[in-house]
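Visitor: As input, take input25.pdb (PDB, C-alpha atoms):
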MODEL        1
ATOM      1  CA  MET A1339     -36.660 -23.366   4.428
ATOM      2  CA  GLN A1340     -40.381 -23.458   3.730
ATOM      3  CA  GLU A1341     -41.892 -20.684   1.647
ATOM      4  CA  LEU A1342     -45.152 -18.795   1.940
ATOM      5  CA  ASN A1343     -47.843 -19.823  -0.513
ATOM      6  CA  VAL A1344     -51.500 -19.111  -1.153
ATOM      7  CA  ILE A1345     -54.478 -21.344  -1.747
ATOM      8  CA  CYS A1346     -57.887 -20.158  -2.832
ATOM      9  CA  VAL A1347     -60.502 -21.724  -0.576
ATOM     10  CA  GLY A1348     -64.024 -22.641  -1.473
ATOM     11  CA  ALA A1349     -66.636 -24.702   0.341
ATOM     12  CA  SER A1350     -64.433 -26.841   2.554
ATOM     13  CA  GLU A1351     -64.922 -27.925   6.150
ATOM     14  CA  THR A1352     -61.176 -27.872   6.688
ATOM     15  CA  ALA A1353     -60.815 -24.324   5.341
ATOM     16  CA  ALA A1354     -63.719 -23.130   7.504
ATOM     17  CA  LEU A1355     -62.063 -24.653  10.584
ATOM     18  CA  TYR A1356     -58.709 -23.019   9.835
ATOM     19  CA  ILE A1357     -60.394 -19.651   9.263
ATOM     20  CA  CYS A1358     -62.308 -19.984  12.560
ATOM     21  CA  GLU A1359     -59.128 -20.820  14.459
ATOM     22  CA  ILE A1360     -57.223 -17.880  12.955
ATOM     23  CA  CYS A1361     -60.109 -15.485  13.685
ATOM     24  CA  GLU A1362     -60.422 -16.680  17.269
ATOM     25  CA  MET A1363     -56.735 -15.916  17.799
ATOM     26  CA  CYS A1364     -57.158 -12.477  16.187
ATOM     27  CA  ALA A1365     -60.538 -11.509  17.669
ATOM     28  CA  GLU A1366     -59.180  -8.796  19.960
ATOM     29  CA  PRO A1367     -57.087  -6.735  17.484
ATOM     30  CA  LEU A1368     -59.796  -7.140  14.833
ATOM     31  CA  HIS A1369     -62.459  -6.075  17.359
ATOM     32  CA  LEU A1370     -64.608  -9.073  16.476
ATOM     33  CA  GLY A1371     -65.984  -9.464  19.979
ATOM     34  CA  TYR A1372     -66.851 -12.825  21.470
ATOM     35  CA  ILE A1373     -66.823 -15.625  18.925
ATOM     36  CA  GLU A1374     -69.192 -18.511  19.551
ATOM     37  CA  ARG A1375     -67.290 -21.234  17.710
ATOM     38  CA  ARG A1376     -70.208 -23.303  16.389
ATOM     39  CA  LYS A1377     -72.168 -20.282  15.155
ATOM     40  CA  PHE A1378     -69.075 -18.604  13.676
ATOM     41  CA  TYR A1379     -68.034 -21.832  11.939
ATOM     42  CA  GLY A1380     -71.517 -22.043  10.392
ATOM     43  CA  GLU A1381     -71.264 -18.446   9.159
ATOM     44  CA  ILE A1382     -67.828 -19.056   7.641
ATOM     45  CA  ALA A1383     -68.904 -22.345   6.024
ATOM     46  CA  GLU A1384     -71.982 -20.618   4.563
ATOM     47  CA  MET A1385     -69.876 -17.733   3.230
ATOM     48  CA  LEU A1386     -67.397 -20.104   1.600
ATOM     49  CA  SER A1387     -70.152 -22.163  -0.034
ATOM     50  CA  ALA A1388     -71.980 -19.090  -1.389
ATOM     51  CA  ASN A1389     -69.572 -18.832  -4.343
ATOM     52  CA  ASP A1390     -70.039 -15.050  -4.395
ATOM     53  CA  PRO A1391     -68.437 -13.805  -7.659
ATOM     54  CA  ASP A1392     -67.567 -10.543  -5.896
ATOM     55  CA  GLU A1393     -65.279 -12.154  -3.307
ATOM     56  CA  GLU A1394     -62.417 -14.601  -2.953
ATOM     57  CA  ASN A1395     -61.024 -16.191   0.194
ATOM     58  CA  PHE A1396     -57.442 -17.329   0.568
ATOM     59  CA  LEU A1397     -55.361 -19.108   3.166
ATOM     60  CA  ILE A1398     -51.758 -17.957   3.363
ATOM     61  CA  ARG A1399     -49.576 -20.893   4.340
ATOM     62  CA  LEU A1400     -46.024 -21.460   5.431
ATOM     63  CA  GLY A1401     -45.379 -24.730   3.681
ATOM     64  CA  ALA A1402     -48.612 -26.591   4.450
ATOM     65  CA  VAL A1403     -49.392 -24.737   7.696
ATOM     66  CA  PRO A1404     -52.181 -22.115   7.443
ATOM     67  CA  CYS A1405     -51.029 -18.892   9.072
ATOM     68  CA  ALA A1406     -53.400 -16.203   7.723
ATOM     69  CA  TRP A1407     -56.802 -15.640   6.131
ATOM     70  CA  LEU A1408     -57.203 -13.076   3.368
ATOM     71  CA  LYS A1409     -60.636 -12.067   2.078
ATOM     72  CA  LEU A1410     -60.976  -9.840  -0.996
ATOM     73  CA  ASN A1411     -64.149  -8.117  -2.205
ATOM     74  CA  GLY A1412     -65.137  -5.821  -5.043
ATOM     75  CA  LEU A1413     -63.919  -8.259  -7.656
ATOM     76  CA  ALA A1414     -67.021  -8.453  -9.860
ATOM     77  CA  ASP A1415     -68.734  -5.139  -9.252
ATOM     78  CA  GLY A1416     -67.435  -3.318 -12.329
ATOM     79  CA  THR A1417     -65.544  -0.689 -10.332
ATOM     80  CA  GLU A1418     -61.821  -0.087 -10.423
ATOM     81  CA  THR A1419     -61.427  -0.804  -6.701
ATOM     82  CA  ALA A1420     -60.896  -4.071  -4.859
ATOM     83  CA  TRP A1421     -61.078  -4.302  -1.066
ATOM     84  CA  ILE A1422     -59.025  -6.261   1.415
ATOM     85  CA  SER A1423     -62.058  -6.916   3.551
ATOM     86  CA  LEU A1424     -60.196  -9.057   6.066
ATOM     87  CA  LEU A1425     -56.619 -10.005   6.770
ATOM     88  CA  ALA A1426     -56.009 -12.013   9.921
ATOM     89  CA  VAL A1427     -52.520 -13.322  10.690
ATOM     90  CA  ALA A1428     -52.190 -15.893  13.467
ATOM     91  CA  PRO A1429     -50.135 -14.454  16.351
ATOM     92  CA  THR A1430     -47.266 -16.956  16.036
ATOM     93  CA  PHE A1431     -46.715 -15.844  12.424
ATOM     94  CA  ARG A1432     -46.768 -12.079  12.980
ATOM     95  CA  ARG A1433     -43.685 -10.000  12.225
ATOM     96  CA  ARG A1434     -42.412 -12.728   9.889
ATOM     97  CA  GLY A1435     -43.457 -11.174   6.563
ATOM     98  CA  VAL A1436     -46.810 -12.957   6.298
ATOM     99  CA  GLY A1437     -48.850  -9.742   6.278
ATOM    100  CA  GLN A1438     -46.662  -8.117   3.618
ATOM    101  CA  PHE A1439     -46.821 -11.275   1.544
ATOM    102  CA  ALA A1440     -50.630 -11.361   1.820
ATOM    103  CA  VAL A1441     -51.006  -7.679   0.882
ATOM    104  CA  GLY A1442     -48.672  -8.130  -2.089
ATOM    105  CA  PHE A1443     -50.672 -11.150  -3.205
ATOM    106  CA  ALA A1444     -53.940  -9.190  -2.835
ATOM    107  CA  GLU A1445     -52.564  -6.403  -5.028
ATOM    108  CA  LYS A1446     -51.399  -8.806  -7.750
ATOM    109  CA  PHE A1447     -54.705 -10.661  -7.675
ATOM    110  CA  ALA A1448     -56.684  -7.398  -7.868
ATOM    111  CA  ALA A1449     -54.528  -6.179 -10.762
ATOM    112  CA  SER A1450     -55.135  -9.481 -12.593
ATOM    113  CA  LYS A1451     -58.867  -8.694 -12.340
ATOM    114  CA  GLY A1452     -58.307  -5.257 -13.891
ATOM    115  CA  LYS A1453     -58.535  -3.310 -10.644
ATOM    116  CA  LYS A1454     -56.570  -0.069 -10.401
ATOM    117  CA  THR A1455     -56.932   0.544  -6.674
ATOM    118  CA  VAL A1456     -56.989  -1.523  -3.490
ATOM    119  CA  ARG A1457     -58.590  -0.193  -0.315
ATOM    120  CA  VAL A1458     -58.840  -1.492   3.214
ATOM    121  CA  HIS A1459     -60.533  -0.440   6.446
ATOM    122  CA  THR A1460     -58.861  -0.683   9.819
ATOM    123  CA  THR A1461     -59.316   1.088  13.103
ATOM    124  CA  GLU A1462     -57.141   3.902  14.349
ATOM    125  CA  ASP A1463     -56.108   1.841  17.381
ATOM    126  CA  ASN A1464     -54.972  -1.172  15.327
ATOM    127  CA  MET A1465     -51.425   0.124  14.918
ATOM    128  CA  PRO A1466     -49.890  -3.143  13.647
ATOM    129  CA  ALA A1467     -52.388  -3.209  10.758
ATOM    130  CA  ARG A1468     -51.985   0.482  10.015
ATOM    131  CA  LYS A1469     -48.183   0.180  10.019
ATOM    132  CA  LEU A1470     -48.367  -2.846   7.720
ATOM    133  CA  TYR A1471     -50.541  -1.082   5.157
ATOM    134  CA  GLU A1472     -48.501   2.118   5.285
ATOM    135  CA  LYS A1473     -45.296   0.081   4.861
ATOM    136  CA  CYS A1474     -46.906  -1.471   1.775
ATOM    137  CA  GLY A1475     -47.593   1.983   0.297
ATOM    138  CA  TYR A1476     -51.166   2.633   1.454
ATOM    139  CA  ALA A1477     -52.278   6.088   2.556
ATOM    140  CA  VAL A1478     -55.205   7.121   4.743
ATOM    141  CA  ILE A1479     -57.897   8.700   2.550
ATOM    142  CA  ASP A1480     -60.769   8.866   5.036
ATOM    143  CA  GLU A1481     -61.626   8.476   8.694
ATOM    144  CA  CYS A1482     -64.959   8.322  10.457
ATOM    145  CA  LEU A1483     -66.599   6.973  13.604
ATOM    146  CA  SER A1484     -67.872   3.429  13.259
ATOM    147  CA  VAL A1485     -69.139   0.645  15.514
ATOM    148  CA  SER A1486     -66.840  -2.395  15.545
ATOM    149  CA  GLY A1487     -67.913  -6.027  15.788
ATOM    150  CA  ASP A1488     -67.419  -5.876  19.547
ATOM    151  CA  GLY A1489     -69.982  -3.047  19.810
ATOM    152  CA  ALA A1490     -67.497  -0.269  20.623
ATOM    153  CA  GLU A1491     -67.359   2.970  18.677
ATOM    154  CA  ARG A1492     -63.942   3.605  17.134
ATOM    155  CA  VAL A1493     -62.327   5.754  14.477
ATOM    156  CA  ARG A1494     -62.335   3.721  11.256
ATOM    157  CA  LEU A1495     -59.661   4.497   8.701
ATOM    158  CA  THR A1496     -59.861   3.845   4.983
ATOM    159  CA  LEU A1497     -56.475   3.305   3.379
ATOM    160  CA  GLU A1498     -55.849   3.160  -0.353
ATOM    161  CA  LYS A1499     -53.126   2.226  -2.800
ATOM    162  CA  LYS A1500     -53.117   2.889  -6.518
ATOM    163  CA  LEU A1501     -51.865  -0.112  -8.453
ATOM    164  CA  SER A1502     -49.595   0.099 -11.446
ATOM    165  CA  VAL A1503     -51.714  -1.870 -13.910
ATOM    166  CA  PRO A1504     -50.222  -2.413 -17.384
TER     167      PRO A1504
ENDMDL
END
Can the structure in the file be given as structure tokens, please?

Guide:
Amino acid sequence: MQELNVICVGASETAALYICEICEMCAEPLHLGYIERRKFYGEIAEMLSANDPDEENFLIRLGAVPCAWLKLNGLADGTETAWISLLAVAPTFRRRGVGQFAVGFAEKFAASKGKKTVRVHTTEDNMPARKLYEKCGYAVIDECLSVSGDGAERVRLTLEKKLSVP
């Protein structure tokens, strides 16, 4: 049986394409709105080539098949908090442990960078994401109204988990 694995992605056309495909499949639950493929691909390719020291992008794979995109921020800002700024799991891989695996990886990676806390935003109506984070030990610490990528106003939740850093 193939196992889940993680690759860090940099400026790569292939990685940008995989990320675009995963995001297109997840646009509705992530409230991304309409995705114009060419423009979105350009934005993703530009982000990956920026080499921002504050962020890392990862593809979660089952064997060699990309099944999720994980984006972490807050890595170089000198604070004790890292952010899961995006986790998108392709629909065919949901409810198979991919999300839990990705969150666990994010926590280990953040801890390796000296972070003591991981936070994430999601919307109140994104119950699969909320359930995932709560199952992984995250608790809601804040909620406020916010405009999503699709232009709709929603309740945005901030969830947090304290890491046990040696």

Visitor: Excluding region 1467-1482 of chain A and residues on its chain fewer than 6 positions from it, collect all residues at most 12 Å away from it, counting all atoms listed in the file, and give them as a ChimeraX atom specification.

Guide: /A:1364,1367-1368,1422,1424-1427,1432-1445,1455-1461,1491-1501

Visitor: Output C-alpha atoms for every residue in the selection just made, as a PDB file, in the frame of the given file.

Guide:
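Result written to result26.pdb:
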ATOM      1  CA  CYS A1364     -57.158 -12.477  16.187  1.00  0.00           C
ATOM      2  CA  PRO A1367     -57.087  -6.735  17.484  1.00  0.00           C
ATOM      3  CA  LEU A1368     -59.796  -7.140  14.833  1.00  0.00           C
ATOM      4  CA  ILE A1422     -59.025  -6.261   1.415  1.00  0.00           C
ATOM      5  CA  LEU A1424     -60.196  -9.057   6.066  1.00  0.00           C
ATOM      6  CA  LEU A1425     -56.619 -10.005   6.770  1.00  0.00           C
ATOM      7  CA  ALA A1426     -56.009 -12.013   9.921  1.00  0.00           C
ATOM      8  CA  VAL A1427     -52.520 -13.322  10.690  1.00  0.00           C
ATOM      9  CA  ARG A1432     -46.768 -12.079  12.980  1.00  0.00           C
ATOM     10  CA  ARG A1433     -43.685 -10.000  12.225  1.00  0.00           C
ATOM     11  CA  ARG A1434     -42.412 -12.728   9.889  1.00  0.00           C
ATOM     12  CA  GLY A1435     -43.457 -11.174   6.563  1.00  0.00           C
ATOM     13  CA  VAL A1436     -46.810 -12.957   6.298  1.00  0.00           C
ATOM     14  CA  GLY A1437     -48.850  -9.742   6.278  1.00  0.00           C
ATOM     15  CA  GLN A1438     -46.662  -8.117   3.618  1.00  0.00           C
ATOM     16  CA  PHE A1439     -46.821 -11.275   1.544  1.00  0.00           C
ATOM     17  CA  ALA A1440     -50.630 -11.361   1.820  1.00  0.00           C
ATOM     18  CA  VAL A1441     -51.006  -7.679   0.882  1.00  0.00           C
ATOM     19  CA  GLY A1442     -48.672  -8.130  -2.089  1.00  0.00           C
ATOM     20  CA  PHE A1443     -50.672 -11.150  -3.205  1.00  0.00           C
ATOM     21  CA  ALA A1444     -53.940  -9.190  -2.835  1.00  0.00           C
ATOM     22  CA  GLU A1445     -52.564  -6.403  -5.028  1.00  0.00           C
ATOM     23  CA  THR A1455     -56.932   0.544  -6.674  1.00  0.00           C
ATOM     24  CA  VAL A1456     -56.989  -1.523  -3.490  1.00  0.00           C
ATOM     25  CA  ARG A1457     -58.590  -0.193  -0.315  1.00  0.00           C
ATOM     26  CA  VAL A1458     -58.840  -1.492   3.214  1.00  0.00           C
ATOM     27  CA  HIS A1459     -60.533  -0.440   6.446  1.00  0.00           C
ATOM     28  CA  THR A1460     -58.861  -0.683   9.819  1.00  0.00           C
ATOM     29  CA  THR A1461     -59.316   1.088  13.103  1.00  0.00           C
ATOM     30  CA  GLU A1491     -67.359   2.970  18.677  1.00  0.00           C
ATOM     31  CA  ARG A1492     -63.942   3.605  17.134  1.00  0.00           C
ATOM     32  CA  VAL A1493     -62.327   5.754  14.477  1.00  0.00           C
ATOM     33  CA  ARG A1494     -62.335   3.721  11.256  1.00  0.00           C
ATOM     34  CA  LEU A1495     -59.661   4.497   8.701  1.00  0.00           C
ATOM     35  CA  THR A1496     -59.861   3.845   4.983  1.00  0.00           C
ATOM     36  CA  LEU A1497     -56.475   3.305   3.379  1.00  0.00           C
ATOM     37  CA  GLU A1498     -55.849   3.160  -0.353  1.00  0.00           C
ATOM     38  CA  LYS A1499     -53.126   2.226  -2.800  1.00  0.00           C
ATOM     39  CA  LYS A1500     -53.117   2.889  -6.518  1.00  0.00           C
ATOM     40  CA  LEU A1501     -51.865  -0.112  -8.453  1.00  0.00           C
TER      41      LEU A1501
END

Visitor: Determine the residue set returned by the PyMOL selection byres ((chain A and resi 1343-1355) around 9) for the present structure, and present it as a list in words.

Guide: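 Output of the PyMOL selection byres ((chain A and resi 1343-1355) around 9): Glu1341, Leu1342, Tyr1356, Ile1357, Cys1358, Glu1359, Ile1360, Tyr1379, Gly1380, Ile1382, Ala1383, Glu1384, Met1385, Leu1386, Ser1387, Ala1388, Asn1389, Glu1394, Asn1395, Phe1396, Leu1397, Ile1398, Arg1399, Leu1400, Gly1401, Ala1402, Phe1439, Ala1440 and Phe1443 of chain A.
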
Visitor: Could you check which of A:Met1465, A:Phe1447, A:Lys1453, A:Gly1489 is closest to Thr1419 (chain A), using only C-alpha atoms?

Guide: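 Closest residue, counting only C-alpha atoms: A:Lys1453.
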
Visitor: Can you list, as JSON, numbers by chain, every protein, DNA or RNA residue that comes within 12 Å of Asp1392 (chain A) when you count only C-alpha atoms, leaving out same-chain residues fewer than 5 positions away?

Guide: {"A": [1385, 1409, 1410, 1411, 1412, 1413, 1414, 1415, 1416, 1417, 1419, 1420, 1421, 1423, 1448, 1451]}

Visitor: Hey, can I get the axis-aligned box for region 1413-1429 of chain A? All listed atoms, 8 Å padding on each side, centre and edge lengths in Å to one decimal, as lines of an AutoDock Vina configuration file.

Guide:
center_x = -59.4
center_y = -8.0
center_z = 2.0
size_x = 34.6
size_y = 31.8
size_z = 44.7

Visitor: One number please: CA of Glu1418 (chain A) to CA of Gly1487 (chain A), in Å, one decimal.

Guide: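 For CA of Glu1418 (chain A) relative to CA of Gly1487 (chain A), the distance reads 27.6 Å.
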
Visitor: Report the distance between CA of Ala1449 (chain A) and CA of Ser1484 (chain A) in Å, rounded to one decimal place.

Guide: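 Computing the Euclidean distance for CA of Ala1449 (chain A) and CA of Ser1484 (chain A) yields 29.1 Å.
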
Visitor: Hey, can you check how far CA of Trp1407 (chain A) sits from CA of Asp1463 (chain A)?

Guide: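 Value for the CA of Trp1407 (chain A)-CA of Asp1463 (chain A) distance: 20.8 Å.
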
Visitor: Output requested as a PDB file, keeping the file's coordinate frame - region 1419-1436 of chain A, filled out with N, CA, C and O atoms.

Guide:
ATOM      1  N   THR A1419     -61.966  -0.618  -8.048  1.00  0.00           N
ATOM      2  CA  THR A1419     -61.427  -0.804  -6.701  1.00  0.00           C
ATOM      3  C   THR A1419     -61.755  -2.177  -6.134  1.00  0.00           C
ATOM      4  O   THR A1419     -62.901  -2.603  -6.144  1.00  0.00           O
ATOM      5  N   ALA A1420     -60.722  -2.840  -5.630  1.00  0.00           N
ATOM      6  CA  ALA A1420     -60.896  -4.071  -4.859  1.00  0.00           C
ATOM      7  C   ALA A1420     -60.652  -3.720  -3.396  1.00  0.00           C
ATOM      8  O   ALA A1420     -60.000  -2.723  -3.088  1.00  0.00           O
ATOM      9  N   TRP A1421     -61.201  -4.532  -2.510  1.00  0.00           N
ATOM     10  CA  TRP A1421     -61.078  -4.302  -1.066  1.00  0.00           C
ATOM     11  C   TRP A1421     -60.447  -5.508  -0.384  1.00  0.00           C
ATOM     12  O   TRP A1421     -60.856  -6.650  -0.642  1.00  0.00           O
ATOM     13  N   ILE A1422     -59.481  -5.242   0.470  1.00  0.00           N
ATOM     14  CA  ILE A1422     -59.025  -6.261   1.415  1.00  0.00           C
ATOM     15  C   ILE A1422     -60.027  -6.157   2.552  1.00  0.00           C
ATOM     16  O   ILE A1422     -59.957  -5.250   3.378  1.00  0.00           O
ATOM     17  N   SER A1423     -61.010  -7.038   2.543  1.00  0.00           N
ATOM     18  CA  SER A1423     -62.058  -6.916   3.551  1.00  0.00           C
ATOM     19  C   SER A1423     -61.672  -7.592   4.862  1.00  0.00           C
ATOM     20  O   SER A1423     -62.250  -7.282   5.904  1.00  0.00           O
ATOM     21  N   LEU A1424     -60.680  -8.476   4.820  1.00  0.00           N
ATOM     22  CA  LEU A1424     -60.196  -9.057   6.066  1.00  0.00           C
ATOM     23  C   LEU A1424     -58.823  -9.674   5.842  1.00  0.00           C
ATOM     24  O   LEU A1424     -58.617 -10.382   4.856  1.00  0.00           O
ATOM     25  N   LEU A1425     -57.922  -9.355   6.728  1.00  0.00           N
ATOM     26  CA  LEU A1425     -56.619 -10.005   6.770  1.00  0.00           C
ATOM     27  C   LEU A1425     -56.335 -10.307   8.236  1.00  0.00           C
ATOM     28  O   LEU A1425     -56.226  -9.387   9.051  1.00  0.00           O
ATOM     29  N   ALA A1426     -56.281 -11.580   8.555  1.00  0.00           N
ATOM     30  CA  ALA A1426     -56.009 -12.013   9.921  1.00  0.00           C
ATOM     31  C   ALA A1426     -54.796 -12.937   9.891  1.00  0.00           C
ATOM     32  O   ALA A1426     -54.815 -13.963   9.218  1.00  0.00           O
ATOM     33  N   VAL A1427     -53.752 -12.535  10.613  1.00  0.00           N
ATOM     34  CA  VAL A1427     -52.520 -13.322  10.690  1.00  0.00           C
ATOM     35  C   VAL A1427     -52.437 -13.917  12.095  1.00  0.00           C
ATOM     36  O   VAL A1427     -52.517 -13.187  13.081  1.00  0.00           O
ATOM     37  N   ALA A1428     -52.300 -15.224  12.164  1.00  0.00           N
ATOM     38  CA  ALA A1428     -52.190 -15.893  13.467  1.00  0.00           C
ATOM     39  C   ALA A1428     -51.009 -15.317  14.239  1.00  0.00           C
ATOM     40  O   ALA A1428     -49.951 -15.038  13.655  1.00  0.00           O
ATOM     41  N   PRO A1429     -51.171 -15.113  15.544  1.00  0.00           N
ATOM     42  CA  PRO A1429     -50.135 -14.454  16.351  1.00  0.00           C
ATOM     43  C   PRO A1429     -48.729 -15.048  16.214  1.00  0.00           C
ATOM     44  O   PRO A1429     -47.754 -14.310  16.163  1.00  0.00           O
ATOM     45  N   THR A1430     -48.600 -16.350  16.122  1.00  0.00           N
ATOM     46  CA  THR A1430     -47.266 -16.956  16.036  1.00  0.00           C
ATOM     47  C   THR A1430     -46.563 -16.661  14.711  1.00  0.00           C
ATOM     48  O   THR A1430     -45.360 -16.900  14.594  1.00  0.00           O
ATOM     49  N   PHE A1431     -47.307 -16.143  13.731  1.00  0.00           N
ATOM     50  CA  PHE A1431     -46.715 -15.844  12.424  1.00  0.00           C
ATOM     51  C   PHE A1431     -46.564 -14.346  12.171  1.00  0.00           C
ATOM     52  O   PHE A1431     -46.158 -13.937  11.086  1.00  0.00           O
ATOM     53  N   ARG A1432     -46.892 -13.527  13.150  1.00  0.00           N
ATOM     54  CA  ARG A1432     -46.768 -12.079  12.980  1.00  0.00           C
ATOM     55  C   ARG A1432     -45.301 -11.667  13.009  1.00  0.00           C
ATOM     56  O   ARG A1432     -44.482 -12.317  13.633  1.00  0.00           O
ATOM     57  N   ARG A1433     -45.026 -10.567  12.308  1.00  0.00           N
ATOM     58  CA  ARG A1433     -43.685 -10.000  12.225  1.00  0.00           C
ATOM     59  C   ARG A1433     -42.708 -10.968  11.556  1.00  0.00           C
ATOM     60  O   ARG A1433     -41.513 -10.963  11.856  1.00  0.00           O
ATOM     61  N   ARG A1434     -43.244 -11.782  10.644  1.00  0.00           N
ATOM     62  CA  ARG A1434     -42.412 -12.728   9.889  1.00  0.00           C
ATOM     63  C   ARG A1434     -42.629 -12.557   8.383  1.00  0.00           C
ATOM     64  O   ARG A1434     -42.261 -13.433   7.612  1.00  0.00           O
ATOM     65  N   GLY A1435     -43.266 -11.447   7.980  1.00  0.00           N
ATOM     66  CA  GLY A1435     -43.457 -11.174   6.563  1.00  0.00           C
ATOM     67  C   GLY A1435     -44.753 -11.713   5.978  1.00  0.00           C
ATOM     68  O   GLY A1435     -45.024 -11.526   4.789  1.00  0.00           O
ATOM     69  N   VAL A1436     -45.565 -12.367   6.795  1.00  0.00           N
ATOM     70  CA  VAL A1436     -46.810 -12.957   6.298  1.00  0.00           C
ATOM     71  C   VAL A1436     -47.787 -11.878   5.840  1.00  0.00           C
ATOM     72  O   VAL A1436     -48.391 -11.985   4.782  1.00  0.00           O
TER      73      VAL A1436
END
